[in-house]
Structures are given as structure tokens and as C-alpha cells.
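Participant: coords.pdb is the file, holding PDB, C-alpha atoms and all ligand atoms:
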MODEL        1
ATOM      1  CA  MET N  21      -5.065   9.681   1.285
ATOM      2  CA  ASP N  22      -6.924  10.664  -1.887
ATOM      3  CA  ILE N  23      -5.281  12.528  -4.736
ATOM      4  CA  LEU N  24      -6.636  15.957  -3.732
ATOM      5  CA  GLU N  25      -5.281  15.537  -0.203
ATOM      6  CA  LEU N  26      -1.892  14.502  -1.595
ATOM      7  CA  ILE N  27      -1.719  17.564  -3.840
ATOM      8  CA  GLN N  28      -2.765  19.819  -0.946
ATOM      9  CA  LYS N  29      -0.011  18.276   1.146
ATOM     10  CA  ARG N  30       2.909  18.385  -1.342
ATOM     11  CA  TYR N  31       5.119  21.423  -1.289
ATOM     12  CA  SER N  32       8.557  22.464  -2.440
ATOM     13  CA  THR N  33      10.816  21.296   0.358
ATOM     14  CA  LYS N  34      13.549  23.746   1.303
ATOM     15  CA  LYS N  35      15.348  21.735   3.987
ATOM     16  CA  TYR N  36      15.902  17.976   4.048
ATOM     17  CA  ASN N  37      16.724  15.480   6.764
ATOM     18  CA  ALA N  38      20.015  14.093   5.440
ATOM     19  CA  ASP N  39      19.982  11.214   7.938
ATOM     20  CA  LYS N  40      16.796   9.526   6.731
ATOM     21  CA  ALA N  41      17.398   7.114   3.864
ATOM     22  CA  ILE N  42      14.842   6.537   1.122
ATOM     23  CA  PRO N  43      13.818   2.858   0.845
ATOM     24  CA  GLN N  44      15.392   1.672  -2.412
ATOM     25  CA  GLU N  45      12.089   0.214  -3.673
ATOM     26  CA  LYS N  46      10.658   3.745  -3.679
ATOM     27  CA  VAL N  47      13.604   4.951  -5.770
ATOM     28  CA  GLU N  48      13.044   2.067  -8.185
ATOM     29  CA  ALA N  49       9.305   2.869  -8.361
ATOM     30  CA  LEU N  50      10.129   6.481  -9.188
ATOM     31  CA  LYS N  51      12.394   5.350 -12.044
ATOM     32  CA  GLU N  52       9.621   3.279 -13.569
ATOM     33  CA  ILE N  53       7.009   6.019 -13.015
ATOM     34  CA  LEU N  54       9.168   8.593 -14.846
ATOM     35  CA  ARG N  55       9.824   6.150 -17.672
ATOM     36  CA  LEU N  56       6.048   5.813 -18.083
ATOM     37  CA  SER N  57       5.464   9.592 -18.342
ATOM     38  CA  PRO N  58       3.344  10.669 -21.303
ATOM     39  CA  SER N  59       4.731  12.890 -24.077
ATOM     40  CA  SER N  60       3.506  14.329 -27.347
ATOM     41  CA  ILE N  61       3.413  11.579 -30.025
ATOM     42  CA  ASN N  62       5.109   9.409 -27.365
ATOM     43  CA  ILE N  63       8.430  10.967 -28.401
ATOM     44  CA  GLN N  64      10.153  10.464 -24.975
ATOM     45  CA  PRO N  65      13.104  12.822 -25.660
ATOM     46  CA  TRP N  66      14.540  12.404 -22.180
ATOM     47  CA  LYS N  67      17.131  11.003 -19.847
ATOM     48  CA  PHE N  68      16.441  10.768 -16.106
ATOM     49  CA  THR N  69      19.689  10.602 -14.135
ATOM     50  CA  PHE N  70      19.225   9.253 -10.628
ATOM     51  CA  VAL N  71      22.070  10.481  -8.421
ATOM     52  CA  GLN N  72      22.393   8.858  -4.997
ATOM     53  CA  ASN N  73      26.206   8.781  -4.923
ATOM     54  CA  PRO N  74      27.118  11.401  -2.268
ATOM     55  CA  GLU N  75      30.336  12.524  -4.006
ATOM     56  CA  VAL N  76      28.683  13.133  -7.363
ATOM     57  CA  LYS N  77      25.730  14.768  -5.629
ATOM     58  CA  ALA N  78      28.089  17.102  -3.743
ATOM     59  CA  LYS N  79      29.725  18.145  -7.028
ATOM     60  CA  LEU N  80      26.313  18.878  -8.514
ATOM     61  CA  ALA N  81      25.290  20.741  -5.340
ATOM     62  CA  SER N  82      28.239  23.101  -5.738
ATOM     63  CA  VAL N  83      26.841  24.233  -9.115
ATOM     64  CA  SER N  84      23.212  24.418  -8.009
ATOM     65  CA  MET N  85      22.991  28.130  -7.132
ATOM     66  CA  HIS N  86      20.627  28.762  -4.175
ATOM     67  CA  ASN N  87      19.768  25.065  -4.146
ATOM     68  CA  GLU N  88      23.172  23.865  -2.922
ATOM     69  CA  GLU N  89      22.074  22.851   0.575
ATOM     70  CA  LYS N  90      18.965  21.058  -0.690
ATOM     71  CA  VAL N  91      20.950  19.017  -3.197
ATOM     72  CA  ASN N  92      23.481  18.057  -0.530
ATOM     73  CA  GLN N  93      20.883  17.076   2.065
ATOM     74  CA  ALA N  94      18.299  15.322  -0.102
ATOM     75  CA  ARG N  95      19.221  11.662  -0.457
ATOM     76  CA  LEU N  96      18.234  11.531  -4.134
ATOM     77  CA  LEU N  97      18.672  13.978  -6.980
ATOM     78  CA  VAL N  98      16.939  13.289 -10.286
ATOM     79  CA  VAL N  99      18.333  15.270 -13.217
ATOM     80  CA  PHE N 100      15.955  15.744 -16.145
ATOM     81  CA  SER N 101      17.787  16.115 -19.462
ATOM     82  CA  VAL N 102      16.457  16.674 -22.967
ATOM     83  CA  ALA N 103      17.804  15.306 -26.237
ATOM     84  CA  ASP N 104      20.030  18.112 -27.511
ATOM     85  CA  ASN N 105      22.076  16.536 -30.288
ATOM     86  CA  LEU N 106      19.374  16.049 -32.910
ATOM     87  CA  ASP N 107      21.504  13.735 -35.064
ATOM     88  CA  ALA N 108      22.056  11.425 -32.116
ATOM     89  CA  PHE N 109      18.355  11.658 -31.232
ATOM     90  CA  GLN N 110      17.410  10.721 -34.799
ATOM     91  CA  LYS N 111      19.128   7.375 -34.183
ATOM     92  CA  VAL N 112      17.038   6.909 -31.016
ATOM     93  CA  VAL N 113      13.889   7.664 -32.995
ATOM     94  CA  ASP N 114      14.907   5.307 -35.819
ATOM     95  CA  ASN N 115      15.948   2.455 -33.514
ATOM     96  CA  GLU N 116      13.593   2.690 -30.549
ATOM     97  CA  LEU N 117      10.264   4.084 -31.753
ATOM     98  CA  PRO N 118       7.626   2.277 -33.827
ATOM     99  CA  PRO N 119       7.614   3.284 -37.538
ATOM    100  CA  ALA N 120       4.396   5.319 -37.284
ATOM    101  CA  ARG N 121       5.883   7.481 -34.496
ATOM    102  CA  ARG N 122       9.154   7.830 -36.366
ATOM    103  CA  ASP N 123       7.343   9.067 -39.469
ATOM    104  CA  TRP N 124       5.300  11.497 -37.399
ATOM    105  CA  TYR N 125       8.434  12.848 -35.709
ATOM    106  CA  ASN N 126      10.146  13.236 -39.072
ATOM    107  CA  GLN N 127       7.193  15.297 -40.331
ATOM    108  CA  ILE N 128       7.253  17.538 -37.259
ATOM    109  CA  LYS N 129      11.032  17.906 -37.597
ATOM    110  CA  ALA N 130      10.707  18.922 -41.261
ATOM    111  CA  SER N 131       7.992  21.478 -40.439
ATOM    112  CA  LYS N 132       9.841  23.519 -37.796
ATOM    113  CA  PRO N 133      13.072  25.473 -37.442
ATOM    114  CA  GLU N 134      15.539  23.548 -35.253
ATOM    115  CA  ALA N 135      15.142  26.019 -32.370
ATOM    116  CA  ASP N 136      11.367  25.448 -32.274
ATOM    117  CA  LEU N 137      11.831  21.691 -32.429
ATOM    118  CA  LYS N 138      14.126  21.890 -29.403
ATOM    119  CA  ILE N 139      11.576  23.959 -27.484
ATOM    120  CA  TRP N 140       8.904  21.372 -28.274
ATOM    121  CA  LEU N 141      11.175  18.561 -27.073
ATOM    122  CA  ALA N 142      12.007  20.454 -23.864
ATOM    123  CA  LYS N 143       8.305  20.979 -23.074
ATOM    124  CA  GLN N 144       7.887  17.229 -22.796
ATOM    125  CA  LEU N 145      10.310  17.140 -19.868
ATOM    126  CA  TYR N 146       8.041  19.370 -17.793
ATOM    127  CA  ILE N 147       5.260  16.806 -18.101
ATOM    128  CA  ALA N 148       7.603  14.253 -16.544
ATOM    129  CA  LEU N 149       8.408  16.739 -13.767
ATOM    130  CA  GLY N 150       4.700  17.013 -12.920
ATOM    131  CA  VAL N 151       4.454  13.233 -12.863
ATOM    132  CA  GLY N 152       7.578  13.019 -10.686
ATOM    133  CA  LEU N 153       6.391  15.579  -8.129
ATOM    134  CA  THR N 154       2.993  13.912  -7.797
ATOM    135  CA  ALA N 155       4.512  10.437  -7.647
ATOM    136  CA  SER N 156       6.957  11.519  -4.933
ATOM    137  CA  ILE N 157       4.239  12.634  -2.515
ATOM    138  CA  ALA N 158       2.195   9.535  -3.348
ATOM    139  CA  LEU N 159       5.237   7.467  -2.331
ATOM    140  CA  GLY N 160       5.433   9.421   0.931
ATOM    141  CA  LEU N 161       8.484  11.388  -0.185
ATOM    142  CA  ASP N 162       9.165  15.119  -0.152
ATOM    143  CA  SER N 163      10.598  16.824  -3.222
ATOM    144  CA  THR N 164      11.767  20.085  -4.774
ATOM    145  CA  PRO N 165      11.637  21.030  -8.447
ATOM    146  CA  MET N 166      14.733  23.098  -9.298
ATOM    147  CA  GLU N 167      15.449  25.101 -12.399
ATOM    148  CA  GLY N 168      18.146  26.872 -10.404
ATOM    149  CA  ILE N 169      21.048  24.743 -11.575
ATOM    150  CA  GLU N 170      24.042  25.492 -13.816
ATOM    151  CA  THR N 171      23.134  23.214 -16.672
ATOM    152  CA  ASP N 172      26.459  23.435 -18.538
ATOM    153  CA  LYS N 173      28.350  22.392 -15.413
ATOM    154  CA  TYR N 174      25.876  19.591 -14.720
ATOM    155  CA  MET N 175      26.562  18.369 -18.256
ATOM    156  CA  ASP N 176      30.314  18.278 -17.570
ATOM    157  CA  ILE N 177      29.988  16.533 -14.197
ATOM    158  CA  LEU N 178      27.608  13.924 -15.631
ATOM    159  CA  ASN N 179      29.688  13.465 -18.816
ATOM    160  CA  MET N 180      26.694  14.224 -21.002
ATOM    161  CA  GLU N 181      27.121  14.873 -24.689
ATOM    162  CA  ASP N 182      23.864  14.242 -26.495
ATOM    163  CA  TYR N 183      21.477  15.301 -23.724
ATOM    164  CA  ARG N 184      21.291  18.626 -21.892
ATOM    165  CA  PRO N 185      20.043  18.949 -18.288
ATOM    166  CA  LEU N 186      17.066  21.316 -17.967
ATOM    167  CA  PHE N 187      16.230  21.067 -14.267
ATOM    168  CA  ALA N 188      16.475  18.680 -11.352
ATOM    169  CA  MET N 189      14.240  17.295  -8.623
ATOM    170  CA  ALA N 190      15.532  16.777  -5.100
ATOM    171  CA  VAL N 191      13.805  13.903  -3.281
ATOM    172  CA  GLY N 192      13.950  12.767   0.328
ATOM    173  CA  TYR N 193      12.381  13.500   3.685
ATOM    174  CA  ALA N 194      11.851  17.081   4.832
ATOM    175  CA  SER N 195      13.602  18.307   7.933
ATOM    176  CA  GLU N 196      11.233  18.974  10.842
ATOM    177  CA  ASP N 197      12.421  22.573  10.928
ATOM    178  CA  ASP N 198      11.905  23.219   7.209
ATOM    179  CA  PHE N 199      10.395  26.728   7.166
ATOM    180  CA  ASN N 200       8.374  25.842   4.071
ATOM    181  CA  ARG N 201       6.486  22.898   5.619
ATOM    182  CA  ILE N 202       2.822  23.018   4.752
ATOM    183  CA  GLU N 203       1.871  23.588   8.416
ATOM    184  CA  ALA N 204       4.208  26.606   8.605
ATOM    185  CA  ALA N 205       3.667  28.007   5.095
ATOM    186  CA  PRO N 206       0.131  27.287   3.829
ATOM    187  CA  LYS N 207      -0.340  26.907   0.068
ATOM    188  CA  SER N 208      -0.364  30.218  -1.759
ATOM    189  CA  ARG N 209      -2.248  30.208  -5.037
ATOM    190  CA  ARG N 210      -4.387  32.508  -7.191
ATOM    191  CA  LEU N 211      -8.101  32.283  -6.467
ATOM    192  CA  PRO N 212     -10.145  29.536  -8.146
ATOM    193  CA  GLU N 213     -12.464  32.063  -9.834
ATOM    194  CA  ASN N 214      -9.454  33.735 -11.452
ATOM    195  CA  VAL N 215      -7.878  30.605 -12.849
ATOM    196  CA  ILE N 216     -10.763  28.186 -13.409
ATOM    197  CA  GLU N 217     -13.368  28.873 -16.047
ATOM    198  CA  THR N 218     -16.431  26.644 -16.119
ATOM    199  CA  ILE N 219     -18.663  26.688 -19.157
TER     200      ILE N 219
HETATM  201  C1  LIG U   1       9.905  24.354 -13.075
HETATM  202  C2  LIG U   1      10.094  24.766 -11.640
HETATM  203  C3  LIG U   1      11.312  25.247 -11.201
HETATM  204  C4  LIG U   1      11.510  25.581  -9.858
HETATM  205  N1  LIG U   1      12.764  25.926  -9.428
HETATM  206  C5  LIG U   1      12.989  26.036  -8.080
HETATM  207  C6  LIG U   1      14.314  26.170  -7.564
HETATM  208  O1  LIG U   1      15.307  26.224  -8.316
HETATM  209  N2  LIG U   1      14.471  26.207  -6.211
HETATM  210  C7  LIG U   1      13.410  26.136  -5.340
HETATM  211  O2  LIG U   1      13.625  26.164  -4.115
HETATM  212  N3  LIG U   1      12.132  26.036  -5.809
HETATM  213  C8  LIG U   1      11.900  25.968  -7.142
HETATM  214  N4  LIG U   1      10.619  25.793  -7.622
HETATM  215  C9  LIG U   1       9.498  25.743  -6.649
HETATM  216  C10 LIG U   1       8.415  26.823  -6.867
HETATM  217  O3  LIG U   1       8.843  28.035  -6.354
HETATM  218  C11 LIG U   1       7.145  26.309  -6.185
HETATM  219  O4  LIG U   1       6.671  25.184  -6.883
HETATM  220  C12 LIG U   1       6.024  27.343  -6.129
HETATM  221  O5  LIG U   1       6.410  28.462  -5.369
HETATM  222  C13 LIG U   1       4.751  26.750  -5.527
HETATM  223  O6  LIG U   1       4.993  26.271  -4.236
HETATM  224  P1  LIG U   1       4.805  24.745  -3.826
HETATM  225  O7  LIG U   1       5.561  23.893  -4.820
HETATM  226  O8  LIG U   1       5.421  24.646  -2.462
HETATM  227  O9  LIG U   1       3.341  24.429  -3.832
HETATM  228  C14 LIG U   1      10.421  25.497  -8.957
HETATM  229  C15 LIG U   1       9.182  25.045  -9.424
HETATM  230  C16 LIG U   1       9.016  24.653 -10.736
HETATM  231  C17 LIG U   1       7.676  24.092 -11.161
ENDMDL
END
Before we go any further, please render this structure as C-alpha cells.
Ligand SMILES: Cc1cc2nc3c(=O)[nH]c(=O)nc-3n(C[C@H](O)[C@H](O)[C@H](O)COP(=O)(O)O)c2cc1C
Facilitator:
Amino acid sequence: MDILELIQKRYSTKKYNADKAIPQEKVEALKEILRLSPSSINIQPWKFTFVQNPEVKAKLASVSMHNEEKVNQARLLVVFSVADNLDAFQKVVDNELPPARRDWYNQIKASKPEADLKIWLAKQLYIALGVGLTASIALGLDSTPMEGIETDKYMDILNMEDYRPLFAMAVGYASEDDFNRIEAAPKSRRLPENVIETI
């Protein structure tokens, strides 16, 4: 299937088949694909938490608003978290990034109020989400992006201190009676002429 067909086929799954396991090599591929996501100045201000443990997933489901059922049924939940403690993240930058990137980050950090810096860091996570959604369908997996989670409670359950969850992605196989399947709910988008400008 070519990339256009994959994108036409992917959709936000609303009901998963809890009985169908994801081959572990696909989970491992997804980990590596997310790690390779691009980001501005290659800053990589993220943590991707792969939750397959049913007990932990159930705890997260209970603080996932209208997404509770999806989180329980999907066999994998990936939590996308952004660096939130900037002192701790400075150590990551100093220890893990090449000097040229570190200097660039330090310049950006000095040029912005802390709140703006945090917004810029958070934007990078959404790039990884796009990569993750596209990669999932390419791996033959269904997925759901979910901002509808209680991030403070996720932080507690996952024992996070320096990173803050922003959103999560459920991954698995859709249930045959998912009302949102592409055959039942065709893609709804604004018209090409209203969103694409060609010069
Ligand atoms: C950042 C983001 C957050 C979203 N949050 C949720 C969510 O919490 N629950 C949900 O069921 N769908 C969520 N969605 C799915 C969108 O509603 C969906 O992508 C949009 O309606 C387009 O439909 P499609 O993904 O099926 O093509 C989210 C999508 C994005 C990109």
C-alpha cells in the first residue's frame, strides 16, 4: 500500500479488540521510530513511555476521561511526555547533545521567557505524534491520539518528576464493530481548495 493509501485508511480508532495481541517486534519498531522523530535543532525534549502492563494501563485508563475504554482495550498505550524541569533538562542537553546543539539551545533558552521555551519544547512532541500515527498504520496497527487524559494523575501513576505527559496514543487492532471504522465513517476534512494553496 502506498503512503497516500495508508493515510486515507488510518483513522482514530474508538473501539479496540482487546483479545488480539500486537506482535512484539512491531512494538519494538515503534519505539525506534519514535526515537528517530525529528525536532527543532534536534533537541529531543521527550520521553515515550510504552505501557503494555495491564494493571498500570488500567490505572491510566481510569484517569483518561472519555478515553477510558480505549485505553483499557488497546494492547499498547504510548505516553508522550515533555521535559518540564528545565534544570534537569539542562543536564540532558549538556550530557547527551553535541556541543553545537547545546550552544544553540542555550541561546534559544536565553532569548525567551521560560513559559515560551516550554511551549516550544512541547510543540516538538506533536511532531513525534504525527510520526507515531503514520508509523502505526504502516505497521498494520490501529491507533488513537488522545489529549483527553488527566496529565497530573498520569504523572503520579508513572512516577514522573522531570517530564510531564502531554497526550497519549492508544495502539492495537480495531474492533470489527468500531463505529468509527473508515468504511462506516468516511474521512471528514475541509476541501482541498480551502486548505491547499498552489502558487
Ligand atoms: C492532538 C490530538 C488529540 C486528540 N485527542 C483525542 C482524544 O482524546 N480522544 C479521541 O477519541 N480522539 C482524539 N483525537 C482524534 C481527532 O478527533 C481526530 O484525529 C480527528 O477527528 C480526525 O479524524 P481521524 O483521525 O479519524 O482522521 C485527537 C487528535 C489529535 C491530533
Participant: Show me which residues are within 10 Å of ligand LIG 1 (chain U) counting only C-alpha atoms and all ligand atoms, and format the list as an MDAnalysis selection string.
Facilitator: chainID N and resid 27:35 84:88 90 145:146 149:150 153 163:169 186:190 200:202 205:209
Participant: Output the residue selection produced by the PyMOL selection byres (((chain N and resi 180) around 12) and not hetatm) on the file above, formatted as a list in words.
Facilitator: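 Selected by the PyMOL selection byres (((chain N and resi 180) around 12) and not hetatm) here: Lys67, Phe68, Thr69, Val99, Phe100, Ser101, Val102, Ala103, Asp104, Asn105, Thr171, Asp172, Lys173, Tyr174, Met175, Asp176, Ile177, Leu178, Asn179, Glu181, Asp182, Tyr183, Arg184 and Pro185 of chain N.
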Participant: Take the selection from the previous step and output its residues with C-alpha atoms, as a PDB file, in the coordinates of the input.
Facilitator:
ATOM      1  CA  LYS N  67      17.131  11.003 -19.847  1.00  0.00           C
ATOM      2  CA  PHE N  68      16.441  10.768 -16.106  1.00  0.00           C
ATOM      3  CA  THR N  69      19.689  10.602 -14.135  1.00  0.00           C
ATOM      4  CA  VAL N  99      18.333  15.270 -13.217  1.00  0.00           C
ATOM      5  CA  PHE N 100      15.955  15.744 -16.145  1.00  0.00           C
ATOM      6  CA  SER N 101      17.787  16.115 -19.462  1.00  0.00           C
ATOM      7  CA  VAL N 102      16.457  16.674 -22.967  1.00  0.00           C
ATOM      8  CA  ALA N 103      17.804  15.306 -26.237  1.00  0.00           C
ATOM      9  CA  ASP N 104      20.030  18.112 -27.511  1.00  0.00           C
ATOM     10  CA  ASN N 105      22.076  16.536 -30.288  1.00  0.00           C
ATOM     11  CA  THR N 171      23.134  23.214 -16.672  1.00  0.00           C
ATOM     12  CA  ASP N 172      26.459  23.435 -18.538  1.00  0.00           C
ATOM     13  CA  LYS N 173      28.350  22.392 -15.413  1.00  0.00           C
ATOM     14  CA  TYR N 174      25.876  19.591 -14.720  1.00  0.00           C
ATOM     15  CA  MET N 175      26.562  18.369 -18.256  1.00  0.00           C
ATOM     16  CA  ASP N 176      30.314  18.278 -17.570  1.00  0.00           C
ATOM     17  CA  ILE N 177      29.988  16.533 -14.197  1.00  0.00           C
ATOM     18  CA  LEU N 178      27.608  13.924 -15.631  1.00  0.00           C
ATOM     19  CA  ASN N 179      29.688  13.465 -18.816  1.00  0.00           C
ATOM     20  CA  GLU N 181      27.121  14.873 -24.689  1.00  0.00           C
ATOM     21  CA  ASP N 182      23.864  14.242 -26.495  1.00  0.00           C
ATOM     22  CA  TYR N 183      21.477  15.301 -23.724  1.00  0.00           C
ATOM     23  CA  ARG N 184      21.291  18.626 -21.892  1.00  0.00           C
ATOM     24  CA  PRO N 185      20.043  18.949 -18.288  1.00  0.00           C
TER      25      PRO N 185
END
Participant: N:Ala78, N:Lys143, N:Lys129, N:Ser156: which is nearest Val47 of chain N, counting only C-alpha atoms?
Facilitator: N:Ser156
Participant: Might you pull out every residue within 7 Å of Tyr36 of chain N, with all atoms listed in the file counted and same-chain residues fewer than 4 positions away left off, and present them as an MDAnalysis selection string?
Facilitator: chainID N and resid 90 93:94 192:195
Participant: With a distance cut-off of 8 Å and only C-alpha atoms, select the neighbouring residues of Leu50 of chain N, excluding the residue or stretch itself and same-chain residues fewer than 4 positions from it, and output the selection as JSON, numbers by chain.
Facilitator: {"N": [46, 54, 152, 155, 156]}
Participant: Applying the PyMOL selection byres (((chain N and resi 113) around 10) and not hetatm) to the file I just gave you, which residues come out? Please list them as a list in words.
Facilitator: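 In the shown coordinates, the PyMOL selection byres (((chain N and resi 113) around 10) and not hetatm) covers Ile63, Gln64, Pro65, Asp107, Ala108, Phe109, Gln110, Lys111, Val112, Asp114, Asn115, Glu116, Leu117, Pro118, Pro119, Arg121, Arg122, Asp123, Tyr125 and Asn126 of chain N.
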Participant: Between atom CA of Asp136 of chain N and atom CA of Ile61 of chain N, what is the distance, to one decimal in Å?
Facilitator: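 Atom CA of Ile61 of chain N lies at a distance of 16.1 Å from atom CA of Asp136 of chain N.
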Participant: Report as JSON the centre and the edge lengths, in Å to one decimal, of the axis-aligned box holding every listed atom of segment 133-149 of chain N, padded by 4 Å on each side.
Facilitator:
{"center_x": 10.4, "center_y": 20.1, "center_z": -25.6, "size_x": 18.3, "size_y": 19.8, "size_z": 31.7}
Participant: If you measure from atom CA of Leu96 of chain N to atom CA of Phe70 of chain N, what distance in Å do you get, rounded to one decimal?
Facilitator: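 Taking atom CA of Leu96 of chain N as the start and atom CA of Phe70 of chain N as the end point, the length is 7.0 Å.
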Participant: To one decimal place, how far is atom CA of Asp162 of chain N from atom CA of Phe199 of chain N in Å?
Facilitator: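 Straight-line distance from atom CA of Asp162 of chain N to atom CA of Phe199 of chain N works out to 13.8 Å.
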Participant: Given all atoms listed in the file as the basis, pick out the residue of N:Val91, N:Asn62, N:Ile42, N:Leu141 nearest to Val76 of chain N.
Facilitator: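 Comparing N:Val91, N:Asn62, N:Ile42, N:Leu141 against Val76 of chain N, the winner is N:Val91.
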Participant: For each of N:Val71, N:Ala38, N:Ile147, N:Ala158, take the minimum atom-to-atom distance to Asn92 of chain N, counting all atoms listed in the file, then give the residue where this is smallest.
Facilitator: N:Ala38
